[in-house]
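Each remark here refers to the structure printed beneath this line.
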Amino acid sequence: MHEVARVRRAGRARYLLVCVVLAVAAVAVLCASLAYGDMAVPLSDVVAALTGRADPATWFIVGELRMPRALMAILVGVAFGLSGAVFQSVLRNPLASPDVIGISSGASVAAVLASSLFAVSGVLLSAFALAGAVLTGLLIYALAWRRGVTGARLVLVGIGIGAGLSSVVSYLMTRSEVTEAQSALLWLTGSLNGRSWDLLRPLAWSLVVVLPLLFLAARQMPVLQLGDDTAAGLGGRTQRGRPALLACAVALAGVATAAAGPVGFVAFVSAPVARRLAPGRGASLVASGLTGALLVLVADFAAQHVLDLVDLPAGSAGQLPVGIVTSVIGAPYLMWLLIRTNRAGRGG
């Protein structure tokens with residue numbers, strides 16, 4: 001018993017250390033994002049702006065131009081990271097992330113439809129995207145229901161639905177005007193360019209509502225990770241706990257997609273990275289959220305200042321969308337995961 005307690009204490013200490021390191025790294029990149037740009041701002045002035053002691057010009061640069069974008073990168077990363085961790089843990093499948101099983105595609109279809117048919121933009125466009133993600137999640141769950149829902153069936157149904165919705169997006173893009181198609185394409189790649197406080201506030205308030213519900217529902221997660229039969233044998237309410245967790249995960253993916261577009265592979269890679277940093281901690285929700293925030297922050301900083309020499313189409317404000325950078329990181333991981341799964345004889 002003494003040895004078991006020692007191992008548990010060591011695991012908790014490592015998990016806490018990983019979370020602290022991730023948080024400190026995210027704060028460091030946040031400060032760099034606020035200080036570095038076309039006009040460099042000393043860190044002392046950044047701190048003055050954050051504490052309300054800066055002059056109006058410094059506050060405009062830090063508080064109005066750079067801070068909404070940096071904070072949105074953090075919130076979008078947290079939302080995608082948590083969503084992917086919940087999907088992969090509850091469904092017990094490393095491929096189960098919202099951008100793989102069609103949730104993000106549902107949001108994209110709704111946004112492109114709203115943009116091309118009703119010419120909506122801004123917060124209203126985000127509302128359409130959120131509605132599309134929620135409706136897609138409900139459709140996937142309904143089609144996967146056979147006296148209950150198993151993880152493998154839901155993933156397969158989701159991949160099929162996602163493929164169909166991607167075809168719908170491609171068709172709508174071919175029917176759109178050139179300017180509309182360019183605007184929609186920029187949103188579909190996942191971009192934080194030009195994000196303001198008006199777009200940040202709905203995302204922040206949504207997370208204030210969803211995050212407590214997620215951590216309340218997460219009490220069922222350790223049992224669900226054991227599998228349906230074992231969970232049922234231990235008295236776990238699999239058919240109640242799973243829908244609650246998946247609903248929270250869909251909501252997180254929906255609000256993040258509504259705010260920044262389908263930023264690819266953040267949900268897919270955040271949880272595996274967090275689990276490798278802190279093994280034996282189950283879903284590692286906090287670490288997954290922090291990993292997602294750090295990933296999006298670093299990717300957006302690289303898109304703004306490291307890869308800013310790439311030629312882009314008109315209307316992109318001269319900056320590479322953050323979704324392209326995250327896809328460059330995530331696509332090789334997906335290929336490696338598929339190869340590894342196939343070698344292990346689980347690829348079908």
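Chain lettering (A, B, ...) mirrors the order of the structure tokens, residue numbering begins at 1 for each chain separately, and ligand numbering begins at 1 in order of display.
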
List the neighbours of segment 62-66 of chain A out to 12 Å using only C-alpha atoms; skip same-chain residues closer than 5 positions along the sequence, and give me the result as number ranges by chain.
-> A: 30-57, 71-73, 192-198, 200, 300-301, 304

Might you pull out every residue within 6 Å of Gly254 of chain A, with only C-alpha atoms counted and same-chain residues fewer than 3 positions away left off, and present them as a list of chain:residue names?
->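 My reading of the contact set: A:Leu130, A:Ala133, A:Val250, A:Ala251, A:Thr257, A:Ala258.
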
Fewer than 5 positions away in the same chain doesn't count, so skip those; otherwise give me all residues within 7 Å of Leu245 of chain A, counting only C-alpha atoms, as a PyMOL selection string.
-> chain A and resi 86+214+217-218

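Each of A:Arg14, A:Arg92, A:Arg281, A:Arg340 was checked against Thr150 of chain A using only C-alpha atoms; the smallest atom-to-atom distance is that of A:Arg92.
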
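Shortest separation to Leu138 of chain A among A:Gly162, A:Leu199, A:Pro243, A:Ser83 occurs at residue A:Pro243, atoms counted being only C-alpha atoms.
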
Counting only C-alpha atoms, the option among A:Pro332, A:Gly160, A:Gly132, A:Pro98 closest to Gly84 of chain A |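 Looking only at the distances to Gly84 of chain A, the closest residue turns out to be A:Pro98.
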
Nearest to Thr189 of chain A, chosen from A:Ser116, A:Pro262, A:Leu337, A:Leu16, with only C-alpha atoms counted in the distances =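 Under the stated criterion, the closest residue is A:Pro262.
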
Have a look at atom CA of Leu294 of chain A and atom CA of Ala23 of chain A and let me know their distance in Å, one decimal.
-> 8.1 Å

Could you check how far atom CA of Ala331 of chain A sits from atom CA of Gly261 of chain A, in Å to one decimal?
-> 17.6 Å

Counting only C-alpha atoms, the option among A:Ile74, A:Ala13, A:Phe215, A:Val298 closest to Val325 of chain A | A:Val298

Between A:Ile339, A:Ile329, A:Leu207, A:Val90, which is the closest to Val255 of chain A once you count only C-alpha atoms?
-> A:Leu207

Give the alpha helix (DSSP H) residues of segment 134-263 of chain A, as DSSP finds them on the backbone, and put them as a ChimeraX atom specification.
-> /A:134-144,151-175,178-188,197-217,221-224,228-233,238-260

Considering only C-alpha atoms, return as a ChimeraX atom specification whatever protein or nucleic-acid residues lie within 10 Å of Ser288 of chain A, sequence-local ones (same chain, fewer than 5 positions apart) excluded.
-> /A:19,22,77-86,266-267,269-275,283,293-294

Skip Phe128 of chain A itself and residues of its chain fewer than 5 positions away, then list as a ChimeraX atom specification all residues within 7 Å of it, counting only C-alpha atoms.
-> /A:110-111,114

Resulting file, chosen residues, N, CA and C atoms, as a PDB file, in the first residue's frame:
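The new file again-v4.pdb reads:
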```
ATOM      1  N   ALA A 110     -22.588  24.736 -42.676  1.00  0.00           N
ATOM      2  CA  ALA A 110     -23.532  25.766 -42.231  1.00  0.00           C
ATOM      3  C   ALA A 110     -22.980  27.163 -42.491  1.00  0.00           C
ATOM      4  N   ALA A 111     -21.695  27.359 -42.229  1.00  0.00           N
ATOM      5  CA  ALA A 111     -21.103  28.687 -42.438  1.00  0.00           C
ATOM      6  C   ALA A 111     -21.061  29.060 -43.914  1.00  0.00           C
ATOM      7  N   ALA A 114     -24.598  29.828 -45.107  1.00  0.00           N
ATOM      8  CA  ALA A 114     -25.047  31.131 -44.618  1.00  0.00           C
ATOM      9  C   ALA A 114     -24.355  32.262 -45.366  1.00  0.00           C
TER      10      ALA A 114
END
```
